[in-house]
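Chemist: File follows, model-v2.txt with compact mmCIF, C-alpha atoms:
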```txt
# COMPACT_ATOMS: atom_id res chain seq x y z
CA MET A 1 91.80 127.65 188.02
CA SER A 2 90.72 124.96 190.53
CA SER A 3 88.52 122.04 189.71
CA PRO A 4 85.00 122.33 191.20
CA SER A 5 85.64 119.42 193.58
CA LYS A 6 88.34 121.44 195.34
CA ARG A 7 86.03 124.35 196.00
CA THR A 8 83.11 122.29 197.27
CA GLY A 9 85.00 119.84 199.49
CA ARG A 10 84.03 120.48 203.11
CA ARG A 11 87.34 119.61 204.73
CA PRO A 12 90.05 119.90 202.12
CA GLY A 13 93.29 118.08 202.89
CA ALA A 14 96.68 119.77 202.96
CA THR A 15 97.31 119.01 199.27
CA ASP A 16 94.05 120.62 198.18
CA THR A 17 94.71 123.71 200.26
CA ARG A 18 98.26 123.94 198.96
CA ASP A 19 96.97 123.68 195.38
CA GLN A 20 94.31 126.32 196.00
CA ILE A 21 96.96 128.69 197.32
CA ALA A 22 99.20 127.92 194.32
CA ASP A 23 96.34 128.58 191.86
CA ALA A 24 95.49 131.88 193.55
CA ALA A 25 99.15 132.96 193.63
CA ARG A 26 99.69 132.13 189.93
CA THR A 27 96.63 134.12 188.93
CA LEU A 28 97.71 137.13 190.99
CA PHE A 29 101.33 137.05 189.78
CA ALA A 30 100.08 136.93 186.18
CA GLU A 31 97.47 139.65 186.61
CA VAL A 32 99.00 142.22 188.95
CA GLY A 33 102.73 141.43 188.93
CA TYR A 34 105.26 140.49 191.57
CA GLU A 35 105.27 143.55 193.84
CA ARG A 36 101.50 143.86 194.13
CA THR A 37 100.98 140.17 194.94
CA SER A 38 100.98 139.86 198.74
CA PHE A 39 100.44 136.88 201.07
CA ARG A 40 97.31 138.67 202.25
CA LYS A 41 95.86 138.93 198.73
CA ILE A 42 96.77 135.33 197.91
CA ALA A 43 95.12 134.13 201.13
CA ALA A 44 91.97 136.15 200.38
CA ALA A 45 91.75 134.77 196.82
CA ALA A 46 92.29 131.20 198.06
CA GLY A 47 89.88 131.65 200.97
CA VAL A 48 92.45 130.68 203.61
CA ASP A 49 94.26 132.35 206.48
CA PRO A 50 97.45 134.24 205.47
CA ALA A 51 99.38 132.24 208.10
CA LEU A 52 98.64 129.10 206.08
CA VAL A 53 100.32 130.61 202.99
CA VAL A 54 103.45 131.25 205.06
CA HIS A 55 103.19 127.75 206.56
CA PHE A 56 103.14 126.07 203.14
CA TYR A 57 105.48 128.31 201.16
CA GLY A 58 107.70 130.30 203.53
CA SER A 59 109.01 133.39 201.71
CA LYS A 60 107.44 135.17 198.75
CA GLU A 61 110.52 134.25 196.68
CA GLY A 62 110.11 130.57 197.60
CA LEU A 63 106.42 130.69 196.79
CA PHE A 64 107.05 132.32 193.40
CA ARG A 65 109.69 129.75 192.46
CA GLN A 66 107.48 126.80 193.50
CA VAL A 67 104.19 127.87 191.94
CA MET A 68 105.86 129.19 188.75
CA ALA A 69 107.98 126.08 188.06
CA LEU A 70 107.58 124.66 184.54
CA PRO A 71 105.00 121.84 184.74
CA PRO A 72 106.84 118.48 184.53
CA GLU A 73 104.94 117.49 181.37
CA ILE A 74 106.34 120.55 179.54
CA ALA A 75 109.89 119.98 180.77
CA ASP A 76 109.53 116.32 179.67
CA ALA A 77 108.17 117.29 176.25
CA LEU A 78 111.16 119.61 175.72
CA ALA A 79 113.60 116.91 176.84
CA ARG A 80 112.12 114.40 174.36
CA LEU A 81 112.21 116.77 171.33
CA ALA A 82 115.74 115.88 170.29
CA ASP A 83 114.83 112.18 170.01
CA GLY A 84 112.65 112.71 166.93
CA PRO A 85 113.76 113.48 163.35
CA ARG A 86 115.96 116.55 162.95
CA GLU A 87 113.94 117.79 159.94
CA THR A 88 110.81 118.27 162.06
CA VAL A 89 112.33 119.40 165.36
CA GLY A 90 111.33 123.06 164.78
CA ARG A 91 107.72 122.12 164.16
CA ARG A 92 107.63 119.81 167.18
CA LEU A 93 109.09 122.58 169.34
CA ALA A 94 106.43 124.98 167.99
CA GLU A 95 103.73 122.43 168.84
CA ALA A 96 105.08 122.03 172.39
CA VAL A 97 105.36 125.79 172.97
CA VAL A 98 102.01 126.76 171.46
CA GLY A 99 100.38 123.79 173.21
CA ALA A 100 101.74 124.99 176.56
CA LEU A 101 100.54 128.54 175.89
CA GLU A 102 97.06 127.41 174.83
CA ASN A 103 96.64 125.47 178.09
CA PRO A 104 95.25 127.94 180.68
CA ALA A 105 97.34 126.56 183.56
CA SER A 106 100.73 126.62 181.83
CA ARG A 107 99.82 129.90 180.08
CA ALA A 108 99.26 131.52 183.47
CA ILE A 109 102.70 130.33 184.55
CA THR A 110 104.41 131.61 181.40
CA LEU A 111 102.70 135.01 181.39
CA GLY A 112 103.19 135.41 185.14
CA ARG A 113 106.90 134.73 184.79
CA ILE A 114 107.29 137.18 181.91
CA ARG A 115 105.26 139.94 183.55
CA CYS A 116 107.11 139.56 186.87
CA ALA A 117 110.51 139.26 185.14
CA THR A 118 110.21 142.82 183.84
CA THR A 119 110.16 144.18 187.37
CA HIS A 120 111.68 141.65 189.75
CA PRO A 121 115.10 139.89 189.88
CA ASP A 122 113.72 136.58 191.26
CA ALA A 123 111.32 136.26 188.36
CA ALA A 124 114.01 137.31 185.88
CA ALA A 125 116.27 134.55 187.25
CA LEU A 126 113.56 131.94 186.68
CA VAL A 127 113.07 133.07 183.04
CA ARG A 128 116.84 132.97 182.48
CA GLU A 129 117.00 129.44 183.92
CA THR A 130 114.33 128.15 181.54
CA VAL A 131 116.28 129.48 178.57
CA THR A 132 119.76 128.50 179.70
CA ARG A 133 118.72 125.06 181.00
CA ASP A 134 115.48 123.70 179.50
CA ILE A 135 115.63 125.25 176.01
CA HIS A 136 119.43 125.02 175.94
CA GLN A 137 119.11 121.27 176.51
CA VAL A 138 117.09 120.95 173.27
CA ALA A 139 119.43 123.20 171.28
CA GLU A 140 122.52 121.35 172.50
CA ALA A 141 121.10 117.94 171.60
CA VAL A 142 120.30 119.14 168.07
CA ASN A 143 123.30 121.32 167.23
CA ASP A 144 126.80 121.74 168.64
CA ASP A 145 127.30 125.12 166.96
CA ARG A 146 126.62 127.77 169.65
CA PRO A 147 123.58 126.11 171.31
CA ASP A 148 123.57 128.93 173.90
CA VAL A 149 122.85 131.55 171.21
CA ARG A 150 120.24 129.29 169.60
CA ALA A 151 118.50 128.77 172.95
CA VAL A 152 118.21 132.47 173.69
CA LEU A 153 116.91 133.25 170.19
CA ILE A 154 114.20 130.62 170.69
CA GLY A 155 113.42 132.11 174.11
CA VAL A 156 113.12 135.55 172.50
CA GLN A 157 110.57 134.22 170.03
CA VAL A 158 108.54 132.46 172.75
CA VAL A 159 108.45 135.48 175.08
CA GLY A 160 107.55 137.90 172.27
CA MET A 161 104.83 135.58 170.98
CA ALA A 162 103.31 135.05 174.43
CA LEU A 163 103.15 138.80 175.05
CA ALA A 164 101.83 139.73 171.60
CA ARG A 165 99.17 136.99 171.44
CA TYR A 166 97.89 136.79 175.02
CA VAL A 167 98.73 140.12 176.71
CA VAL A 168 98.97 142.96 174.18
CA PHE A 169 96.57 141.24 171.71
CA VAL A 170 98.36 142.29 168.52
CA GLU A 171 96.36 141.25 165.47
CA PRO A 172 96.23 139.06 163.51
CA LEU A 173 98.33 136.96 165.93
CA ALA A 174 95.79 137.24 168.75
CA SER A 175 92.99 135.81 166.58
CA MET A 176 94.92 133.15 164.66
CA THR A 177 94.22 129.53 165.53
CA ALA A 178 96.87 127.59 167.43
CA SER A 179 97.56 125.56 164.31
CA GLU A 180 98.13 128.73 162.21
CA VAL A 181 100.54 130.04 164.85
CA ILE A 182 102.45 126.74 164.81
CA ASP A 183 102.69 126.97 161.00
CA VAL A 184 104.27 130.45 161.00
CA VAL A 185 106.70 130.02 163.91
CA ALA A 186 107.85 126.46 163.11
CA PRO A 187 110.23 127.61 160.30
CA THR A 188 111.83 130.12 162.69
CA PHE A 189 112.38 127.49 165.38
CA GLN A 190 113.73 125.11 162.72
CA HIS A 191 116.15 127.81 161.54
CA TYR A 192 117.29 128.62 165.08
CA LEU A 193 117.82 124.94 165.94
CA VAL A 194 119.25 123.57 162.70
CA GLY A 195 120.11 126.40 160.28
CA PRO A 196 123.25 128.51 159.97
CA LEU A 197 123.18 131.12 162.76
CA ALA A 198 124.36 134.05 160.62
CA ARG A 199 124.74 134.35 156.87
CA MET B 200 118.98 161.91 179.55
CA SER B 201 119.23 165.74 179.10
CA SER B 202 122.20 167.57 177.66
CA PRO B 203 124.25 169.39 180.33
CA SER B 204 123.19 172.81 179.00
CA LYS B 205 119.59 172.06 179.94
CA ARG B 206 120.46 171.31 183.53
CA THR B 207 122.69 174.33 184.08
CA GLY B 208 120.58 176.97 182.30
CA ARG B 209 119.32 179.50 184.85
CA ARG B 210 116.00 180.30 183.22
CA PRO B 211 115.11 177.43 180.92
CA GLY B 212 112.51 178.19 178.27
CA ALA B 213 109.28 176.27 177.88
CA THR B 214 110.84 173.83 175.40
CA ASP B 215 113.65 172.90 177.78
CA THR B 216 111.23 172.38 180.67
CA ARG B 217 108.92 170.31 178.48
CA ASP B 218 111.88 168.15 177.41
CA GLN B 219 113.03 167.73 181.01
CA ILE B 220 109.56 166.56 181.99
CA ALA B 221 109.48 164.18 179.01
CA ASP B 222 112.89 162.72 179.92
CA ALA B 223 111.85 162.20 183.55
CA ALA B 224 108.54 160.61 182.51
CA ARG B 225 110.21 158.22 180.05
CA THR B 226 112.70 157.08 182.68
CA LEU B 227 109.95 156.49 185.25
CA PHE B 228 107.64 154.66 182.83
CA ALA B 229 110.55 152.38 181.86
CA GLU B 230 111.73 151.76 185.42
CA VAL B 231 108.60 151.54 187.55
CA GLY B 232 105.78 150.98 185.02
CA TYR B 233 102.61 152.85 184.16
CA GLU B 234 100.62 152.66 187.40
CA ARG B 235 103.46 153.72 189.68
CA THR B 236 104.46 156.70 187.52
CA SER B 237 102.59 159.72 188.91
CA PHE B 238 102.62 163.42 187.94
CA ARG B 239 104.12 164.07 191.38
CA LYS B 240 107.03 161.67 190.83
CA ILE B 241 107.65 163.00 187.30
CA ALA B 242 107.68 166.58 188.61
CA ALA B 243 110.09 165.66 191.41
CA ALA B 244 112.45 163.89 188.99
CA ALA B 245 112.34 166.84 186.57
CA GLY B 246 112.70 169.40 189.35
CA VAL B 247 109.49 171.26 188.45
CA ASP B 248 106.08 171.90 189.99
CA PRO B 249 103.50 169.12 189.36
CA ALA B 250 101.11 171.77 187.98
CA LEU B 251 103.59 172.37 185.16
CA VAL B 252 103.41 168.70 184.13
CA VAL B 253 99.62 168.99 183.90
CA HIS B 254 99.99 172.32 182.04
CA PHE B 255 102.22 170.81 179.35
CA TYR B 256 100.75 167.33 178.98
CA GLY B 257 97.19 167.29 180.36
CA SER B 258 96.24 163.71 181.23
CA LYS B 259 98.56 160.82 182.10
CA GLU B 260 97.35 159.02 178.96
CA GLY B 261 98.20 162.06 176.81
CA LEU B 262 101.60 162.38 178.44
CA PHE B 263 102.37 158.69 177.89
CA ARG B 264 101.39 158.84 174.23
CA GLN B 265 103.46 161.99 173.58
CA VAL B 266 106.65 161.07 175.42
CA MET B 267 106.58 157.46 174.20
CA ALA B 268 106.05 158.28 170.51
CA LEU B 269 108.57 156.62 168.17
CA PRO B 270 111.34 159.19 167.49
CA PRO B 271 110.85 160.60 163.94
CA GLU B 272 114.27 159.34 162.82
CA ILE B 273 113.26 155.76 163.61
CA ALA B 274 109.89 156.06 161.90
CA ASP B 275 111.72 157.57 158.87
CA ALA B 276 114.34 154.79 158.84
CA LEU B 277 111.55 152.19 158.82
CA ALA B 278 109.71 154.00 156.04
CA ARG B 279 112.86 154.09 153.85
CA LEU B 280 113.71 150.38 154.29
CA ALA B 281 111.61 149.18 151.38
CA ASP B 282 113.49 151.49 148.97
CA GLY B 283 116.70 149.43 149.17
CA PRO B 284 117.41 146.01 147.65
CA ARG B 285 115.01 143.24 148.64
CA GLU B 286 117.87 140.81 149.32
CA THR B 287 119.19 142.94 152.18
CA VAL B 288 115.96 144.30 153.65
CA GLY B 289 116.10 141.89 156.64
CA ARG B 290 119.61 142.97 157.53
CA ARG B 291 118.76 146.65 157.15
CA LEU B 292 115.71 146.20 159.39
CA ALA B 293 117.92 144.43 161.95
CA GLU B 294 120.38 147.35 161.80
CA ALA B 295 117.57 149.88 162.32
CA VAL B 296 116.03 147.93 165.22
CA VAL B 297 119.27 147.11 167.03
CA GLY B 298 120.51 150.67 166.40
CA ALA B 299 117.35 152.07 168.01
CA LEU B 300 117.73 149.72 170.99
CA GLU B 301 121.41 150.55 171.49
CA ASN B 302 120.60 154.28 171.63
CA PRO B 303 119.73 155.07 175.29
CA ALA B 304 116.91 157.50 174.42
CA SER B 305 115.03 155.25 171.99
CA ARG B 306 115.80 152.20 174.14
CA ALA B 307 114.07 153.89 177.10
CA ILE B 308 111.03 154.50 174.88
CA THR B 309 110.91 150.91 173.63
CA LEU B 310 111.40 149.30 177.03
CA GLY B 311 108.98 151.71 178.68
CA ARG B 312 106.30 150.86 176.10
CA ILE B 313 106.81 147.13 176.52
CA ARG B 314 106.89 147.20 180.32
CA CYS B 315 103.78 149.39 180.51
CA ALA B 316 101.97 147.38 177.80
CA THR B 317 101.94 144.32 180.05
CA THR B 318 99.80 146.14 182.61
CA HIS B 319 98.01 149.05 180.95
CA PRO B 320 95.64 149.28 177.94
CA ASP B 321 96.94 152.71 176.76
CA ALA B 322 100.48 151.39 176.53
CA ALA B 323 99.26 148.18 174.87
CA ALA B 324 97.45 150.29 172.25
CA LEU B 325 100.65 152.18 171.43
CA VAL B 326 102.61 148.93 171.00
CA ARG B 327 99.86 147.54 168.74
CA GLU B 328 99.94 150.74 166.63
CA THR B 329 103.68 150.46 166.03
CA VAL B 330 103.26 146.90 164.78
CA THR B 331 100.10 147.42 162.73
CA ARG B 332 101.20 150.77 161.25
CA ASP B 333 104.99 151.33 161.26
CA ILE B 334 106.24 147.76 160.86
CA HIS B 335 103.24 146.84 158.70
CA GLN B 336 104.22 149.64 156.30
CA VAL B 337 107.61 147.96 155.72
CA ALA B 338 106.13 144.47 155.36
CA GLU B 339 103.47 145.69 152.92
CA ALA B 340 106.01 147.48 150.71
CA VAL B 341 108.15 144.33 150.52
CA ASN B 342 105.55 141.57 150.25
CA ASP B 343 101.85 141.44 149.37
CA ASP B 344 101.40 137.98 150.93
CA ARG B 345 99.86 138.53 154.40
CA PRO B 346 101.94 141.60 155.42
CA ASP B 347 99.87 141.83 158.63
CA VAL B 348 101.12 138.42 159.82
CA ARG B 349 104.68 139.29 158.77
CA ALA B 350 104.52 142.57 160.70
CA VAL B 351 103.38 140.95 163.94
CA LEU B 352 106.03 138.21 163.70
CA ILE B 353 108.69 140.91 163.34
CA GLY B 354 107.18 142.77 166.29
CA VAL B 355 107.32 139.55 168.34
CA GLN B 356 111.02 139.21 167.60
CA VAL B 357 111.75 142.86 168.48
CA VAL B 358 109.81 142.77 171.77
CA GLY B 359 111.35 139.44 172.82
CA MET B 360 114.85 140.62 171.95
CA ALA B 361 114.46 143.93 173.79
CA LEU B 362 113.26 142.14 176.94
CA ALA B 363 115.87 139.36 176.85
CA ARG B 364 118.85 141.62 176.11
CA TYR B 365 118.11 144.75 178.14
CA VAL B 366 115.65 143.76 180.91
CA VAL B 367 116.00 140.08 181.83
CA PHE B 368 119.69 139.91 180.72
CA VAL B 369 119.60 136.42 179.24
CA GLU B 370 123.08 135.32 178.19
CA PRO B 371 124.77 135.24 175.78
CA LEU B 372 122.37 137.76 174.16
CA ALA B 373 122.92 140.37 176.87
CA SER B 374 126.71 140.39 176.33
CA MET B 375 126.82 140.06 172.53
CA THR B 376 127.94 143.10 170.55
CA ALA B 377 125.31 144.99 168.55
CA SER B 378 126.89 143.70 165.36
CA GLU B 379 126.65 140.07 166.54
CA VAL B 380 122.99 140.58 167.41
CA ILE B 381 122.34 142.05 163.95
CA ASP B 382 124.04 139.00 162.38
CA VAL B 383 121.82 136.47 164.17
CA VAL B 384 118.45 138.24 163.84
CA ALA B 385 118.88 139.51 160.25
CA PRO B 386 118.07 136.09 158.70
CA THR B 387 114.87 135.90 160.77
CA PHE B 388 113.74 139.36 159.65
CA GLN B 389 114.65 138.48 156.05
CA HIS B 390 112.56 135.30 156.35
CA TYR B 391 109.59 137.13 157.87
CA LEU B 392 109.71 139.87 155.21
CA VAL B 393 110.56 137.92 152.06
CA GLY B 394 110.35 134.17 152.71
CA PRO B 395 107.38 131.79 152.55
CA LEU B 396 105.32 132.28 155.73
CA ALA B 397 104.66 128.60 156.38
CA ARG B 398 106.18 125.51 154.84
```
Represent the structure contained in this file as C-alpha cells.

Modeler:
Amino acid sequence: MSSPSKRTGRRPGATDTRDQIADAARTLFAEVGYERTSFRKIAAAAGVDPALVVHFYGSKEGLFRQVMALPPEIADALARLADGPRETVGRRLAEAVVGALENPASRAITLGRIRCATTHPDAAALVRETVTRDIHQVAEAVNDDRPDVRAVLIGVQVVGMALARYVVFVEPLASMTASEVIDVVAPTFQHYLVGPLAR
Amino acid sequence: MSSPSKRTGRRPGATDTRDQIADAARTLFAEVGYERTSFRKIAAAAGVDPALVVHFYGSKEGLFRQVMALPPEIADALARLADGPRETVGRRLAEAVVGALENPASRAITLGRIRCATTHPDAAALVRETVTRDIHQVAEAVNDDRPDVRAVLIGVQVVGMALARYVVFVEPLASMTASEVIDVVAPTFQHYLVGPLAR
C-alpha cells in the first residue's frame, strides 16, 4: 500500500510514519475485520512501536474513523456530480463509484468499512454517514422527491456490488471490466436519482 | 427460534435435537461470524453435548452448508416466479425476497450467509451458488439475454438491501414497511429481469 520511497527512507518523518500506520491499519481492517485488528498487529505490520500508534491515533475508534474516511477526491467528485447534465448523472455516478472501487487505496477503505460494519457499531455509523450525507447530497441536488430513500437505494447498490465483485467474487461480475460494470449499473443509478421511485 | 414444544419436551427425539442444534448454529453464524462459531458454543447454546453436534453434522463446513441451505419454500417460490406474467415478475421477485427477509428464520439464514461470506470461502461459495443457480434460474426463464449478468445484479441488490436494512440500519430503509420496500425495489428487479441491460 505504501510507495517504495516510504519503506526505504532511513529516517521517516512523522507524516511518513503516520501514513505507514494508516496503510497497515486499512489493510488489516479490510482483511481481518474490526475486532481482530489490534494496535499491536497494526504496529507490527507498519514496523513501528505500538506506542507510536497510540501516540498518533489515540483510541481504536478514532483510528478507524481517521484512516477509513472517504478520500477527499471521492467526496469532491460526488459533490460535483449534480453540476453536470441531469440525463447523464447516473452514468457519472457509476463512473465515480466504480472508479473508486477499482483504485486499490479507496477500494481498501470501502471494503474495510463494509466488512467492519457487519460486526461493529463504529464502522456501521461511518457507513450510515456516507449514505445519509455524501450520497444524500447528490440525490438532494438532483431530485426533491424523497432524496433520503434514493440515497439509501444507491448505497445498497454500491455495497452489494463491492461485496459481490471484490469479496465474494460472484461471476460474471467479478471478471467484467470496469467499463462493463459501469454500463450495467448506470441505468439503475439513473433510475434511483431521476426516475419515479415506485410505479 | 424453536417452537415452545421443543424446549419443554422431556425427551426430545433426534429430529428435535438436530433442529435445536441447527437453530443455535444459525443464530451464532449470523451474530458472531464463521470463525468465532465453534462446536462448543453451538452445543452450549443448544443445551447439548458438543459430541452430539459432531454426530449430527460432522465437520463445521458440512454443518454450515446444511443449516444455511435456502429453505425449500423460498427455492420453490423462486422457481415458480417465471410462470406468472412477465410484466409483474420484478414485483413478485421483490415480494419473495422481502418476504424471506422479513421472516426471522430465513432472515437469519440470509444474514448469516452474507456475514460469513465476507470472511470465509465456504460461506462465499454458498452465496455464489444461490446467485448462479437459484436466481440465475429465474433470470434465464425470463430473459435469454445474458441471464448470468442479470442474476448477479439482482443478487447485488438483495445482499445490499439485507445489509442496509437489517445489519447497518441505514435510514429510512431500516424503518420502511415491507410493502414500501417492495414498492421501491420492484422496478429495479423488473429492469434487471426484463429491461435492456445497458443503454

Chemist: Do you have the CA of Met360 (chain B)-CA of Glu294 (chain B) distance handy?

Modeler: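 Calculated distance between CA of Met360 (chain B) and CA of Glu294 (chain B) is 13.4 Å.
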
Chemist: Write out as an MDAnalysis selection string each polymer residue whose atoms come within 12 Å of Gly246 (chain B), counting only C-alpha atoms; drop sequence neighbours fewer than 2 positions from it.

Modeler: chainID B and resid 205:206 211 216:217 219:220 222:224 238:244 248:252

Chemist: Please determine, counting only C-alpha atoms, which residue among B:Gln336, B:Thr329, B:Asn342, B:Thr226 has the shortest atom-to-atom distance to chain A.

Modeler: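 Once distances to chain A are computed over only C-alpha atoms, the minimum belongs to B:Thr329.
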
Chemist: Excluding region 70-83 of chain A and any residue of its chain fewer than 3 positions from it, enumerate the residues within 7 Å of it, using all atoms listed in the file, and give them as a ChimeraX atom specification.

Modeler: /A:89,92-93,96,134,138,141-142

Chemist: Per residue of chain B within 9 Å of chain A, note the shortest atom pair and the distance in Å to one decimal, counting only C-alpha atoms, and order the rows by chain and increasing residue number, as JSON lines.

Modeler:
```
{"residue": "B:Glu230", "atom": "CA", "partner": "A:Thr119", "partner_atom": "CA", "distance": 8.0}
{"residue": "B:Val231", "atom": "CA", "partner": "A:Thr119", "partner_atom": "CA", "distance": 7.5}
{"residue": "B:Gly232", "atom": "CA", "partner": "A:Thr119", "partner_atom": "CA", "distance": 8.4}
{"residue": "B:Arg314", "atom": "CA", "partner": "A:Thr118", "partner_atom": "CA", "distance": 6.5}
{"residue": "B:Ala316", "atom": "CA", "partner": "A:Val168", "partner_atom": "CA", "distance": 6.5}
{"residue": "B:Thr317", "atom": "CA", "partner": "A:Val167", "partner_atom": "CA", "distance": 6.3}
{"residue": "B:Thr318", "atom": "CA", "partner": "A:Val32", "partner_atom": "CA", "distance": 7.5}
{"residue": "B:Pro320", "atom": "CA", "partner": "A:Val168", "partner_atom": "CA", "distance": 8.1}
{"residue": "B:Ala322", "atom": "CA", "partner": "A:Val168", "partner_atom": "CA", "distance": 8.9}
{"residue": "B:Ala323", "atom": "CA", "partner": "A:Val168", "partner_atom": "CA", "distance": 5.3}
{"residue": "B:Ala324", "atom": "CA", "partner": "A:Val168", "partner_atom": "CA", "distance": 7.7}
{"residue": "B:Val326", "atom": "CA", "partner": "A:Val168", "partner_atom": "CA", "distance": 7.7}
{"residue": "B:Arg327", "atom": "CA", "partner": "A:Val170", "partner_atom": "CA", "distance": 5.5}
{"residue": "B:Glu328", "atom": "CA", "partner": "A:Val170", "partner_atom": "CA", "distance": 8.8}
{"residue": "B:Val330", "atom": "CA", "partner": "A:Val170", "partner_atom": "CA", "distance": 7.7}
{"residue": "B:Thr331", "atom": "CA", "partner": "A:Glu171", "partner_atom": "CA", "distance": 7.7}
{"residue": "B:Asp347", "atom": "CA", "partner": "A:Pro172", "partner_atom": "CA", "distance": 6.7}
{"residue": "B:Val348", "atom": "CA", "partner": "A:Pro172", "partner_atom": "CA", "distance": 6.2}
{"residue": "B:Val351", "atom": "CA", "partner": "A:Leu173", "partner_atom": "CA", "distance": 6.7}
{"residue": "B:Leu352", "atom": "CA", "partner": "A:Met161", "partner_atom": "CA", "distance": 7.8}
{"residue": "B:Gly354", "atom": "CA", "partner": "A:Gly160", "partner_atom": "CA", "distance": 7.7}
{"residue": "B:Val355", "atom": "CA", "partner": "A:Gly160", "partner_atom": "CA", "distance": 4.3}
{"residue": "B:Gln356", "atom": "CA", "partner": "A:Gln157", "partner_atom": "CA", "distance": 5.6}
{"residue": "B:Val357", "atom": "CA", "partner": "A:Gly160", "partner_atom": "CA", "distance": 7.5}
{"residue": "B:Val358", "atom": "CA", "partner": "A:Gly160", "partner_atom": "CA", "distance": 5.4}
{"residue": "B:Gly359", "atom": "CA", "partner": "A:Gly160", "partner_atom": "CA", "distance": 4.1}
{"residue": "B:Met360", "atom": "CA", "partner": "A:Val156", "partner_atom": "CA", "distance": 5.4}
{"residue": "B:Ala361", "atom": "CA", "partner": "A:Val156", "partner_atom": "CA", "distance": 8.6}
{"residue": "B:Leu362", "atom": "CA", "partner": "A:Thr118", "partner_atom": "CA", "distance": 7.6}
{"residue": "B:Ala363", "atom": "CA", "partner": "A:Val156", "partner_atom": "CA", "distance": 6.4}
{"residue": "B:Val366", "atom": "CA", "partner": "A:Thr118", "partner_atom": "CA", "distance": 6.2}
{"residue": "B:Val367", "atom": "CA", "partner": "A:Ala124", "partner_atom": "CA", "distance": 5.3}
{"residue": "B:Phe368", "atom": "CA", "partner": "A:Arg128", "partner_atom": "CA", "distance": 7.7}
{"residue": "B:Val369", "atom": "CA", "partner": "A:Arg128", "partner_atom": "CA", "distance": 5.5}
{"residue": "B:Glu370", "atom": "CA", "partner": "A:Val152", "partner_atom": "CA", "distance": 7.2}
{"residue": "B:Pro371", "atom": "CA", "partner": "A:Val149", "partner_atom": "CA", "distance": 6.2}
{"residue": "B:Leu372", "atom": "CA", "partner": "A:Val152", "partner_atom": "CA", "distance": 6.7}
{"residue": "B:Glu379", "atom": "CA", "partner": "A:Ala198", "partner_atom": "CA", "distance": 8.7}
{"residue": "B:Ile381", "atom": "CA", "partner": "A:Ala198", "partner_atom": "CA", "distance": 8.9}
{"residue": "B:Asp382", "atom": "CA", "partner": "A:Ala198", "partner_atom": "CA", "distance": 5.3}
{"residue": "B:Val383", "atom": "CA", "partner": "A:Ala198", "partner_atom": "CA", "distance": 5.0}
{"residue": "B:Val384", "atom": "CA", "partner": "A:Ala198", "partner_atom": "CA", "distance": 7.9}
{"residue": "B:Ala385", "atom": "CA", "partner": "A:Ala198", "partner_atom": "CA", "distance": 7.7}
{"residue": "B:Pro386", "atom": "CA", "partner": "A:Ala198", "partner_atom": "CA", "distance": 6.9}
{"residue": "B:Thr387", "atom": "CA", "partner": "A:Thr188", "partner_atom": "CA", "distance": 6.8}
{"residue": "B:His390", "atom": "CA", "partner": "A:Thr188", "partner_atom": "CA", "distance": 8.2}
{"residue": "B:Tyr391", "atom": "CA", "partner": "A:Thr188", "partner_atom": "CA", "distance": 8.8}
{"residue": "B:Leu396", "atom": "CA", "partner": "A:Val184", "partner_atom": "CA", "distance": 5.7}
{"residue": "B:Ala397", "atom": "CA", "partner": "A:Val184", "partner_atom": "CA", "distance": 5.0}
{"residue": "B:Arg398", "atom": "CA", "partner": "A:Pro187", "partner_atom": "CA", "distance": 7.1}
```

Chemist: Deliver the residues from the most recent selection as a file, using C-alpha atoms, as a tab-separated table (two decimals), in the frame of the given file.

Modeler:
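Output file selection.tsv follows:
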```tsv
chain	number	residue	atom	x	y	z
B	230	GLU	CA	111.73	151.76	185.42
B	231	VAL	CA	108.60	151.54	187.55
B	232	GLY	CA	105.78	150.98	185.02
B	314	ARG	CA	106.89	147.20	180.32
B	316	ALA	CA	101.97	147.38	177.80
B	317	THR	CA	101.94	144.32	180.05
B	318	THR	CA	99.80	146.14	182.61
B	320	PRO	CA	95.64	149.28	177.94
B	322	ALA	CA	100.48	151.39	176.53
B	323	ALA	CA	99.26	148.18	174.87
B	324	ALA	CA	97.45	150.29	172.25
B	326	VAL	CA	102.61	148.93	171.00
B	327	ARG	CA	99.86	147.54	168.74
B	328	GLU	CA	99.94	150.74	166.63
B	330	VAL	CA	103.26	146.90	164.78
B	331	THR	CA	100.10	147.42	162.73
B	347	ASP	CA	99.87	141.83	158.63
B	348	VAL	CA	101.12	138.42	159.82
B	351	VAL	CA	103.38	140.95	163.94
B	352	LEU	CA	106.03	138.21	163.70
B	354	GLY	CA	107.18	142.77	166.29
B	355	VAL	CA	107.32	139.55	168.34
B	356	GLN	CA	111.02	139.21	167.60
B	357	VAL	CA	111.75	142.86	168.48
B	358	VAL	CA	109.81	142.77	171.77
B	359	GLY	CA	111.35	139.44	172.82
B	360	MET	CA	114.85	140.62	171.95
B	361	ALA	CA	114.46	143.93	173.79
B	362	LEU	CA	113.26	142.14	176.94
B	363	ALA	CA	115.87	139.36	176.85
B	366	VAL	CA	115.65	143.76	180.91
B	367	VAL	CA	116.00	140.08	181.83
B	368	PHE	CA	119.69	139.91	180.72
B	369	VAL	CA	119.60	136.42	179.24
B	370	GLU	CA	123.08	135.32	178.19
B	371	PRO	CA	124.77	135.24	175.78
B	372	LEU	CA	122.37	137.76	174.16
B	379	GLU	CA	126.65	140.07	166.54
B	381	ILE	CA	122.34	142.05	163.95
B	382	ASP	CA	124.04	139.00	162.38
B	383	VAL	CA	121.82	136.47	164.17
B	384	VAL	CA	118.45	138.24	163.84
B	385	ALA	CA	118.88	139.51	160.25
B	386	PRO	CA	118.07	136.09	158.70
B	387	THR	CA	114.87	135.90	160.77
B	390	HIS	CA	112.56	135.30	156.35
B	391	TYR	CA	109.59	137.13	157.87
B	396	LEU	CA	105.32	132.28	155.73
B	397	ALA	CA	104.66	128.60	156.38
B	398	ARG	CA	106.18	125.51	154.84
```

Chemist: Would you mind reading off the distance between CA of Gln265 (chain B) and CA of Val296 (chain B), one decimal, in Å?

Modeler: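 One can read the CA of Gln265 (chain B) to CA of Val296 (chain B) distance as 20.6 Å.
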
Chemist: May I ask for the distance between CA of Gly289 (chain B) and CA of Glu140 (chain A), given in Å to one decimal place?

Modeler: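 Going from CA of Gly289 (chain B) over to CA of Glu140 (chain A) covers 26.7 Å.
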